[in-house]
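Raw entry39.txt, compact mmCIF, C-alpha atoms:
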# COMPACT_ATOMS: atom_id res chain seq x y z
CA MET A 1 -0.82 45.70 -47.59
CA ALA A 2 -4.03 43.93 -48.40
CA GLY A 3 -2.16 40.61 -48.78
CA ALA A 4 -0.52 41.05 -45.37
CA THR A 5 -3.89 41.77 -43.84
CA ASP A 6 -5.31 38.62 -45.40
CA ARG A 7 -2.44 36.52 -44.03
CA GLU A 8 -2.90 37.97 -40.55
CA ALA A 9 -6.61 37.22 -40.73
CA ALA A 10 -5.87 33.64 -41.83
CA LEU A 11 -3.40 33.15 -38.95
CA ALA A 12 -5.93 34.53 -36.49
CA ALA A 13 -8.55 32.14 -37.84
CA GLU A 14 -6.14 29.21 -37.44
CA ARG A 15 -5.45 30.23 -33.85
CA GLU A 16 -9.17 30.29 -33.16
CA GLU A 17 -9.56 26.85 -34.72
CA VAL A 18 -6.95 25.23 -32.44
CA VAL A 19 -8.40 26.63 -29.24
CA VAL A 20 -8.59 23.78 -26.71
CA THR A 21 -12.15 23.35 -25.54
CA PRO A 22 -13.13 22.03 -22.08
CA ALA A 23 -14.25 18.78 -23.69
CA THR A 24 -10.82 18.38 -25.31
CA LYS A 25 -9.11 19.03 -21.98
CA ARG A 26 -11.23 16.36 -20.32
CA ALA A 27 -10.41 13.87 -23.10
CA LEU A 28 -6.68 14.53 -22.79
CA ARG A 29 -6.86 14.24 -19.00
CA ASP A 30 -8.73 10.94 -19.17
CA ARG A 31 -6.28 9.59 -21.74
CA ALA A 32 -3.38 10.49 -19.44
CA ALA A 33 -5.14 8.81 -16.50
CA LEU A 34 -5.41 5.51 -18.41
CA PRO A 35 -2.16 5.01 -20.33
CA LEU A 36 -2.04 2.10 -22.75
CA TRP A 37 0.34 0.01 -20.63
CA SER A 38 -2.05 0.11 -17.66
CA LEU A 39 -4.77 -1.46 -19.84
CA ILE A 40 -2.63 -4.02 -21.66
CA ILE A 41 -0.74 -5.53 -18.70
CA PRO A 42 -3.85 -6.56 -16.68
CA ALA A 43 -5.22 -8.21 -19.82
CA LEU A 44 -2.04 -10.31 -20.04
CA GLY A 45 -2.73 -11.81 -16.61
CA PRO A 46 -5.63 -14.06 -17.70
CA VAL A 47 -3.66 -14.98 -20.84
CA ALA A 48 -0.67 -16.12 -18.75
CA ILE A 49 -3.01 -18.12 -16.51
CA LEU A 50 -4.71 -19.87 -19.44
CA LEU A 51 -1.30 -20.74 -20.93
CA ASN A 52 -0.05 -22.04 -17.55
CA LEU A 53 3.14 -20.00 -17.90
CA ALA A 54 3.78 -20.07 -14.16
CA LYS A 55 3.77 -23.88 -14.17
CA THR A 56 6.35 -24.19 -16.92
CA SER A 57 10.09 -23.85 -16.46
CA GLY A 58 12.68 -21.28 -17.39
CA ILE A 59 11.47 -18.36 -19.48
CA GLY A 60 7.79 -19.11 -18.86
CA VAL A 61 8.12 -18.66 -15.10
CA LEU A 62 10.08 -15.43 -15.62
CA VAL A 63 7.44 -14.03 -17.96
CA ALA A 64 4.67 -14.98 -15.52
CA ALA A 65 6.52 -13.26 -12.67
CA ILE A 66 7.00 -10.11 -14.75
CA ILE A 67 3.31 -10.06 -15.69
CA MET A 68 2.30 -10.54 -12.04
CA PHE A 69 4.47 -7.62 -10.93
CA GLY A 70 3.08 -5.55 -13.79
CA CYS A 71 -0.46 -6.38 -12.66
CA VAL A 72 0.40 -5.17 -9.15
CA ILE A 73 1.71 -1.86 -10.52
CA ALA A 74 -1.31 -1.49 -12.81
CA ALA A 75 -3.69 -2.28 -9.93
CA VAL A 76 -2.21 0.43 -7.75
CA HIS A 77 -2.20 2.87 -10.68
CA HIS A 78 -5.91 2.36 -11.29
CA ALA A 79 -6.55 2.58 -7.55
CA GLU A 80 -4.81 5.98 -7.67
CA VAL A 81 -7.12 7.07 -10.50
CA VAL A 82 -10.16 6.10 -8.44
CA ALA A 83 -8.61 7.74 -5.38
CA HIS A 84 -8.08 11.00 -7.29
CA LYS A 85 -11.72 10.97 -8.27
CA VAL A 86 -13.05 10.54 -4.72
CA GLY A 87 -10.52 12.97 -3.19
CA GLU A 88 -8.78 13.12 0.19
CA PRO A 89 -8.82 11.52 2.69
CA PHE A 90 -10.96 8.91 0.90
CA GLY A 91 -8.32 8.63 -1.82
CA THR A 92 -5.57 7.28 0.41
CA LEU A 93 -8.15 4.96 2.00
CA VAL A 94 -8.95 3.51 -1.45
CA LEU A 95 -5.25 2.93 -2.08
CA ALA A 96 -4.72 1.30 1.31
CA VAL A 97 -7.69 -1.04 0.89
CA ALA A 98 -6.67 -1.96 -2.68
CA VAL A 99 -3.15 -2.85 -1.58
CA THR A 100 -4.45 -4.85 1.37
CA VAL A 101 -6.87 -6.78 -0.85
CA ILE A 102 -3.89 -7.83 -2.97
CA GLU A 103 -1.97 -8.87 0.15
CA VAL A 104 -4.89 -10.83 1.63
CA SER A 105 -5.49 -12.54 -1.72
CA LEU A 106 -1.85 -13.61 -1.98
CA ILE A 107 -1.77 -14.99 1.56
CA VAL A 108 -5.08 -16.83 1.26
CA SER A 109 -4.18 -18.28 -2.15
CA LEU A 110 -0.87 -19.56 -0.79
CA MET A 111 -2.64 -21.00 2.25
CA LEU A 112 -5.17 -22.76 0.05
CA SER A 113 -2.39 -24.16 -2.12
CA GLY A 114 -0.81 -25.67 0.98
CA SER A 115 2.63 -24.34 0.04
CA GLY A 116 5.27 -23.83 2.70
CA ASP A 117 4.46 -23.32 6.37
CA VAL A 118 0.78 -22.36 6.23
CA ALA A 119 0.63 -21.70 9.98
CA THR A 120 3.22 -18.90 9.96
CA LEU A 121 2.75 -17.37 6.49
CA ALA A 122 0.13 -14.82 7.57
CA ARG A 123 2.14 -13.79 10.63
CA ASP A 124 5.37 -13.35 8.68
CA THR A 125 3.65 -11.36 5.93
CA VAL A 126 1.73 -9.07 8.28
CA PHE A 127 4.76 -8.37 10.44
CA ALA A 128 6.91 -7.78 7.36
CA ALA A 129 4.34 -5.31 6.03
CA ILE A 130 4.33 -3.43 9.35
CA MET A 131 8.12 -3.19 9.42
CA ILE A 132 8.28 -2.13 5.77
CA ILE A 133 5.64 0.56 6.31
CA LEU A 134 6.83 1.91 9.67
CA ASN A 135 10.52 1.92 8.82
CA PHE A 136 11.18 1.69 5.09
CA ILE A 137 8.29 3.67 3.59
CA VAL A 138 8.18 6.26 6.38
CA GLY A 139 11.97 6.40 6.51
CA ILE A 140 12.53 6.88 2.79
CA CYS A 141 9.76 9.51 2.64
CA LEU A 142 11.29 11.48 5.53
CA LEU A 143 14.75 11.17 4.00
CA VAL A 144 13.75 12.20 0.47
CA GLY A 145 11.47 14.97 1.70
CA GLY A 146 14.08 16.23 4.15
CA ILE A 147 16.81 16.35 1.50
CA ARG A 148 14.60 18.29 -0.87
CA HIS A 149 12.68 20.54 1.54
CA HIS A 150 14.85 20.48 4.72
CA GLU A 151 11.85 20.36 7.05
CA GLN A 152 8.33 19.09 6.37
CA ARG A 153 5.12 19.48 8.31
CA PHE A 154 2.06 17.34 8.81
CA VAL A 155 -1.05 17.24 11.02
CA LEU A 156 0.05 15.60 14.27
CA ARG A 157 -3.41 14.55 15.47
CA GLY A 158 -4.06 12.22 12.53
CA VAL A 159 -0.70 10.46 12.78
CA SER A 160 -1.01 10.09 16.56
CA ALA A 161 -4.47 8.53 16.17
CA ALA A 162 -3.15 6.07 13.59
CA LEU A 163 -0.16 5.08 15.75
CA SER A 164 -2.36 4.43 18.79
CA VAL A 165 -4.69 2.16 16.81
CA LEU A 166 -1.73 0.39 15.19
CA ALA A 167 -0.12 -0.30 18.57
CA ALA A 168 -3.33 -1.80 19.96
CA MET A 169 -4.06 -4.00 16.93
CA ALA A 170 -0.46 -5.22 16.54
CA VAL A 171 -0.05 -6.17 20.20
CA LEU A 172 -3.40 -7.97 20.35
CA SER A 173 -2.74 -9.84 17.08
CA LEU A 174 0.99 -10.52 17.10
CA VAL A 175 2.21 -10.31 20.71
CA LEU A 176 -0.66 -11.48 22.94
CA PRO A 177 -0.80 -14.99 21.36
CA ASN A 178 2.60 -15.69 22.94
CA TYR A 179 1.20 -15.28 26.45
CA THR A 180 -2.25 -16.91 26.40
CA SER A 181 -2.60 -20.25 28.17
CA THR A 182 -5.74 -21.89 26.73
CA VAL A 183 -3.57 -23.43 24.01
CA PRO A 184 0.24 -23.35 23.81
CA GLY A 185 1.59 -20.19 22.20
CA PRO A 186 2.12 -18.73 19.71
CA THR A 187 -1.31 -19.94 18.59
CA LEU A 188 -4.80 -18.96 19.74
CA SER A 189 -7.86 -21.05 20.46
CA SER A 190 -10.84 -20.74 18.14
CA SER A 191 -12.67 -18.38 20.50
CA GLN A 192 -9.56 -16.26 21.05
CA LEU A 193 -8.86 -16.07 17.33
CA THR A 194 -12.46 -15.02 16.70
CA PHE A 195 -12.16 -12.33 19.39
CA VAL A 196 -8.93 -10.94 17.91
CA ALA A 197 -10.46 -10.90 14.41
CA ILE A 198 -13.57 -9.03 15.61
CA VAL A 199 -11.55 -6.53 17.66
CA SER A 200 -9.26 -5.86 14.69
CA LEU A 201 -12.26 -5.17 12.45
CA ILE A 202 -13.87 -2.89 15.04
CA LEU A 203 -10.69 -0.87 15.55
CA TYR A 204 -10.10 -0.52 11.82
CA ALA A 205 -13.73 0.41 11.09
CA THR A 206 -13.65 3.03 13.86
CA PHE A 207 -10.44 4.50 12.48
CA VAL A 208 -11.96 4.67 8.99
CA MET A 209 -15.01 6.49 10.38
CA VAL A 210 -12.77 8.98 12.18
CA GLN A 211 -10.60 9.45 9.10
CA THR A 212 -13.40 9.97 6.62
CA VAL A 213 -16.31 11.42 8.62
CA ARG A 214 -15.96 12.75 12.13
CA HIS A 215 -12.40 14.11 12.11
CA ARG A 216 -11.35 14.04 8.46
CA ASP A 217 -9.54 17.39 8.91
CA TYR A 218 -6.94 15.52 11.00
CA PHE A 219 -5.82 13.78 7.80
CA LEU A 220 -5.86 16.74 5.43
CA PRO A 221 -2.78 18.90 4.69
CA ALA A 222 -2.23 21.71 7.17
CA ALA A 223 -4.17 24.85 6.27
CA ASP A 224 -1.05 27.01 6.37
CA GLY A 225 0.90 24.78 4.03
CA ALA A 226 0.95 25.75 0.37
CA LEU A 227 0.06 22.82 -1.84
CA PRO A 228 1.86 22.27 -5.13
CA LYS A 229 0.07 22.91 -8.38
CA ASP A 230 -0.41 19.23 -9.16
CA ALA A 231 -2.35 18.78 -5.93
CA HIS A 232 -5.13 20.77 -7.58
CA ALA A 233 -5.14 18.77 -10.82
CA GLU A 234 -8.56 18.10 -12.27
CA PRO A 235 -9.91 14.65 -11.32
CA PRO A 236 -10.80 12.14 -14.05
CA SER A 237 -14.33 11.78 -15.34
CA VAL A 238 -16.83 9.37 -13.83
CA LYS A 239 -16.54 7.11 -16.89
CA THR A 240 -12.76 6.97 -16.57
CA ALA A 241 -13.00 6.21 -12.86
CA TRP A 242 -15.36 3.28 -13.53
CA ILE A 243 -13.08 1.93 -16.27
CA ALA A 244 -10.15 2.16 -13.86
CA PHE A 245 -12.17 0.30 -11.23
CA GLY A 246 -13.01 -2.49 -13.68
CA VAL A 247 -9.39 -2.89 -14.81
CA LEU A 248 -8.37 -2.84 -11.14
CA LEU A 249 -10.52 -5.91 -10.51
CA VAL A 250 -9.02 -7.72 -13.53
CA ALA A 251 -5.50 -6.92 -12.30
CA LEU A 252 -6.32 -8.22 -8.82
CA VAL A 253 -7.58 -11.53 -10.23
CA GLY A 254 -4.41 -11.86 -12.27
CA VAL A 255 -2.20 -11.23 -9.24
CA VAL A 256 -4.00 -13.77 -7.09
CA LEU A 257 -4.03 -16.63 -9.62
CA LEU A 258 -0.48 -16.05 -10.83
CA ALA A 259 0.81 -15.90 -7.25
CA LYS A 260 -0.86 -19.21 -6.47
CA ASP A 261 0.84 -20.84 -9.48
CA LEU A 262 4.23 -19.23 -8.75
CA SER A 263 4.32 -19.99 -5.01
CA PRO A 264 6.10 -23.39 -5.26
CA THR A 265 8.81 -21.87 -7.47
CA ILE A 266 9.29 -18.90 -5.12
CA GLU A 267 9.59 -21.09 -2.04
CA ALA A 268 11.98 -23.47 -3.78
CA ALA A 269 14.16 -20.52 -4.79
CA VAL A 270 14.20 -19.14 -1.22
CA LEU A 271 15.13 -22.52 0.28
CA GLY A 272 17.68 -23.11 -2.48
CA ALA A 273 19.41 -19.87 -1.56
CA GLY A 274 19.70 -21.07 2.03
CA LEU A 275 17.27 -18.44 3.35
CA PRO A 276 14.57 -18.99 6.00
CA LEU A 277 10.95 -19.29 4.87
CA THR A 278 10.26 -16.01 6.67
CA VAL A 279 11.75 -14.36 3.58
CA VAL A 280 8.67 -15.50 1.62
CA GLY A 281 6.50 -13.26 3.80
CA ILE A 282 8.88 -10.36 3.24
CA LEU A 283 8.78 -10.94 -0.52
CA ILE A 284 4.97 -10.94 -0.53
CA ALA A 285 4.78 -7.76 1.53
CA GLY A 286 7.51 -6.09 -0.52
CA LEU A 287 5.82 -7.01 -3.82
CA VAL A 288 2.47 -5.66 -2.68
CA LEU A 289 3.83 -2.47 -1.13
CA ALA A 290 6.40 -1.61 -3.81
CA PRO A 291 4.09 0.51 -6.01
CA GLU A 292 2.55 2.24 -2.99
CA SER A 293 6.05 3.01 -1.72
CA LEU A 294 6.76 4.81 -4.97
CA ALA A 295 3.51 6.80 -4.63
CA ALA A 296 4.39 7.80 -1.06
CA VAL A 297 7.93 8.85 -1.99
CA LYS A 298 6.62 10.83 -4.95
CA ALA A 299 4.26 12.71 -2.63
CA ALA A 300 7.06 13.42 -0.15
CA ARG A 301 9.27 14.85 -2.91
CA LYS A 302 6.45 17.22 -3.79
CA ASP A 303 6.23 18.37 -0.15
CA ARG A 304 3.01 16.45 0.47
CA LEU A 305 4.19 14.52 3.50
CA GLN A 306 0.65 14.36 4.86
CA THR A 307 -0.36 12.26 1.86
CA SER A 308 2.70 10.02 2.33
CA LEU A 309 1.88 9.41 5.99
CA ASN A 310 -1.79 8.82 5.19
CA LEU A 311 -0.73 6.14 2.71
CA ALA A 312 1.74 4.54 5.11
CA MET A 313 -0.40 4.53 8.25
CA GLY A 314 -3.57 3.60 6.39
CA SER A 315 -1.83 0.61 4.82
CA ALA A 316 -0.39 -0.52 8.16
CA LEU A 317 -3.83 -0.42 9.79
CA ALA A 318 -5.55 -2.09 6.86
CA THR A 319 -2.87 -4.80 6.85
CA ILE A 320 -3.90 -5.90 10.35
CA GLY A 321 -7.54 -4.83 10.32
CA LEU A 322 -8.35 -6.72 7.12
CA THR A 323 -5.66 -9.37 6.79
CA ILE A 324 -5.93 -10.91 10.25
CA PRO A 325 -9.74 -11.37 10.12
CA SER A 326 -9.51 -12.78 6.59
CA VAL A 327 -6.88 -15.39 7.39
CA ALA A 328 -8.68 -16.14 10.67
CA VAL A 329 -11.83 -17.05 8.75
CA VAL A 330 -9.86 -19.28 6.36
CA SER A 331 -8.10 -20.93 9.28
CA LEU A 332 -11.33 -21.62 11.18
CA VAL A 333 -13.19 -22.90 8.11
CA MET A 334 -10.37 -25.12 6.87
CA GLY A 335 -9.32 -26.25 10.34
CA TRP A 336 -5.72 -25.11 9.84
CA PRO A 337 -3.49 -24.01 12.72
CA LEU A 338 -2.59 -20.34 12.68
CA SER A 339 0.57 -19.20 14.43
CA LEU A 340 0.30 -15.45 15.03
CA GLY A 341 2.74 -14.73 17.87
CA ILE A 342 6.05 -13.20 16.79
CA ASP A 343 9.32 -14.22 18.48
CA ALA A 344 11.26 -12.21 21.06
CA LYS A 345 13.57 -10.64 18.48
CA SER A 346 10.62 -9.42 16.43
CA MET A 347 8.89 -8.03 19.52
CA VAL A 348 12.00 -5.99 20.33
CA LEU A 349 12.16 -4.61 16.79
CA PHE A 350 8.45 -3.81 16.82
CA ALA A 351 8.70 -2.04 20.18
CA LEU A 352 11.70 -0.07 18.92
CA SER A 353 9.83 0.87 15.72
CA MET A 354 6.80 2.11 17.66
CA LEU A 355 8.95 4.07 20.13
CA VAL A 356 10.98 5.73 17.36
CA SER A 357 7.84 6.48 15.33
CA THR A 358 6.25 8.13 18.36
CA LEU A 359 9.35 10.30 18.83
CA THR A 360 10.08 11.19 15.20
CA LEU A 361 6.41 11.86 14.35
CA GLY A 362 5.57 13.44 17.70
CA ASN A 363 5.91 17.15 16.94
CA GLY A 364 4.40 17.60 13.48
CA ARG A 365 7.77 18.27 11.81
CA THR A 366 10.41 15.98 10.34
CA THR A 367 14.00 16.19 9.11
CA VAL A 368 16.54 13.98 7.37
CA LEU A 369 17.71 12.54 10.70
CA ALA A 370 14.36 10.88 11.36
CA GLY A 371 14.48 9.18 7.98
CA ILE A 372 17.97 7.78 8.63
CA VAL A 373 16.88 6.36 12.00
CA HIS A 374 13.87 4.56 10.50
CA LEU A 375 15.91 3.13 7.63
CA THR A 376 18.55 1.87 10.07
CA ILE A 377 15.90 -0.07 12.00
CA PHE A 378 14.62 -1.56 8.75
CA ALA A 379 18.15 -2.64 7.81
CA ALA A 380 18.47 -4.32 11.22
CA TYR A 381 15.18 -6.14 10.59
CA LEU A 382 16.36 -7.50 7.24
CA PHE A 383 19.79 -8.44 8.58
CA THR A 384 18.47 -10.32 11.59
CA THR A 385 15.90 -12.11 9.41
CA VAL A 386 18.58 -13.54 7.13
CA ILE A 387 21.10 -14.04 9.95
CA PRO A 388 19.00 -14.57 13.08
Render the structure in this file as structure tokens.
Amino acid sequence: MAGATDREAALAAEREEVVVTPATKRALRDRAALPLWSLIIPALGPVAILLNLAKTSGIGVLVAAIIMFGCVIAAVHHAEVVAHKVGEPFGTLVLAVAVTVIEVSLIVSLMLSGSGDVATLARDTVFAAIMIILNFIVGICLLVGGIRHHEQRFVLRGVSAALSVLAAMAVLSLVLPNYTSTVPGPTLSSSQLTFVAIVSLILYATFVMVQTVRHRDYFLPAADGALPKDAHAEPPSVKTAWIAFGVLLVALVGVVLLAKDLSPTIEAAVLGAGLPLTVVGILIAGLVLAPESLAAVKAARKDRLQTSLNLAMGSALATIGLTIPSVAVVSLVMGWPLSLGIDAKSMVLFALSMLVSTLTLGNGRTTVLAGIVHLTIFAAYLFTTVIP
């Protein structure tokens, strides 16, 4: 009996020794927030640039392209870590801005390299991003969420505010240039381009203020909706958040420089396949938005449609509010023409996308049908781009 008592006491002591302390929990959480791959891949970007892999042929170009895509995924991952630390709705704002910085960097680097049609690259990329966000990302989120949860809810006031700002910025930036008379459309004069850039910044800054300060409750999950357990996960430590921010910057530099080196190869491949150069803009927008699309779909599957819509709408607004002013500055400084007006076919698709978005997101509830409608419009956009 005494031996059994001793064994029980020893087992109890062992159990006490393996008790997980709060410090251990924080260490495990921080380690999970910064997996090894997310630290290694951004470091490979500068290595690939120094070795000029993107300027070689064959396997070197393929490796450089894989590293660039990995840097994009790593950048968005670290942006998510920072976003988790700052919380909602600031978190989705961090993600949107990070993705837009990548997009702006790619466009500007391609413009500076003089590859392809510099005048239309920004327009094609911005419009492609809007169509991908409004129809593909929103559509796939509504479809996946509807299949899993039948009906999902969100705060209508926040989405309505975002749609109204998006309509104003898109029409002023992408439609109005077709109808001005100071210079032949679809371009703008220097003063008109400056005006559009300033207005876009003002609208975006006002939306950010509303989203994060004055009416931030419009962009938070509905009070009556039960959040999943992972929505309450502990945020990373301050140290981990700063490390993630530093690696994010390294990843962004890698994306920009690799994209600049890969641009001639990408454009040659598009032209060699008999596709219009507009496809280059779609590829840039798709590359940049791919990781964020996965984050939005993941949130929709977990019945966090509000987060998905915050990501989508925030990215759409940041795409115009930050991209247009940035490329406008480059255009004015370098003296390059900038063609912003979209053609009649694109205007029809944009009007249809806005109308459908207003209807499907107009009552605070969504189903599978809304997702199918949005995805159909996106398929029409891709089809008419390849076969105009």
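Distance annotation: of A:Gln152, A:Thr385, A:Thr265, A:Thr180, the residue with the minimal separation from Ser57 in chain A is A:Thr265; atom set is all atoms listed in the file.
With all atoms listed in the file as the atoms that count, the residue of A:Leu289, A:Met334, A:Ala380, A:Val86 with the shortest distance to Ala241 in chain A is A:Val86.
Using only C-alpha atoms, the nearest neighbour of Gly371 in chain A within the list A:Ala161, A:Asp217, A:Leu201, A:Val356 is A:Val356.
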_Who sits within 10 Å of Lys345 in chain A, only C-alpha atoms, same chain under 6 positions skipped, as an MDAnalysis selection string_ = chainID A and resid 381 384:385 388
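Residues in contact with Val270 in chain A at up to 12 Å, not including ones fewer than 6 positions away on its chain and judged by all atoms listed in the file, are Gly116, Ser263, Pro264, Pro276, Leu277, Thr278, Val279, Val280, Gly281, Ile282, Leu283 and Val386 of chain A.
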Would you mind exporting the chosen residues as an mmCIF file, in the frame of the given file, restricted to C-alpha atoms?
data_model
loop_
_atom_site.group_PDB
_atom_site.id
_atom_site.type_symbol
_atom_site.label_atom_id
_atom_site.label_comp_id
_atom_site.auth_asym_id
_atom_site.auth_seq_id
_atom_site.Cartn_x
_atom_site.Cartn_y
_atom_site.Cartn_z
ATOM 1 C CA GLY A 116 5.270 -23.830 2.700
ATOM 2 C CA SER A 263 4.320 -19.990 -5.010
ATOM 3 C CA PRO A 264 6.100 -23.390 -5.260
ATOM 4 C CA PRO A 276 14.570 -18.990 6.000
ATOM 5 C CA LEU A 277 10.950 -19.290 4.870
ATOM 6 C CA THR A 278 10.260 -16.010 6.670
ATOM 7 C CA VAL A 279 11.750 -14.360 3.580
ATOM 8 C CA VAL A 280 8.670 -15.500 1.620
ATOM 9 C CA GLY A 281 6.500 -13.260 3.800
ATOM 10 C CA ILE A 282 8.880 -10.360 3.240
ATOM 11 C CA LEU A 283 8.780 -10.940 -0.520
ATOM 12 C CA VAL A 386 18.580 -13.540 7.130
#
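Residues in contact with Pro177 in chain A at up to 8 Å, not including ones fewer than 5 positions away on its chain and judged by all atoms listed in the file, are Leu172, Gly185, Pro186, Thr187, Leu188, Leu340 and Gly341 of chain A.
Each of A:Ile67, A:Ile198, A:Ile266, A:Ala312 was compared to Ser173 in chain A using all atoms listed in the file, and A:Ile198 turns out to be the nearest.
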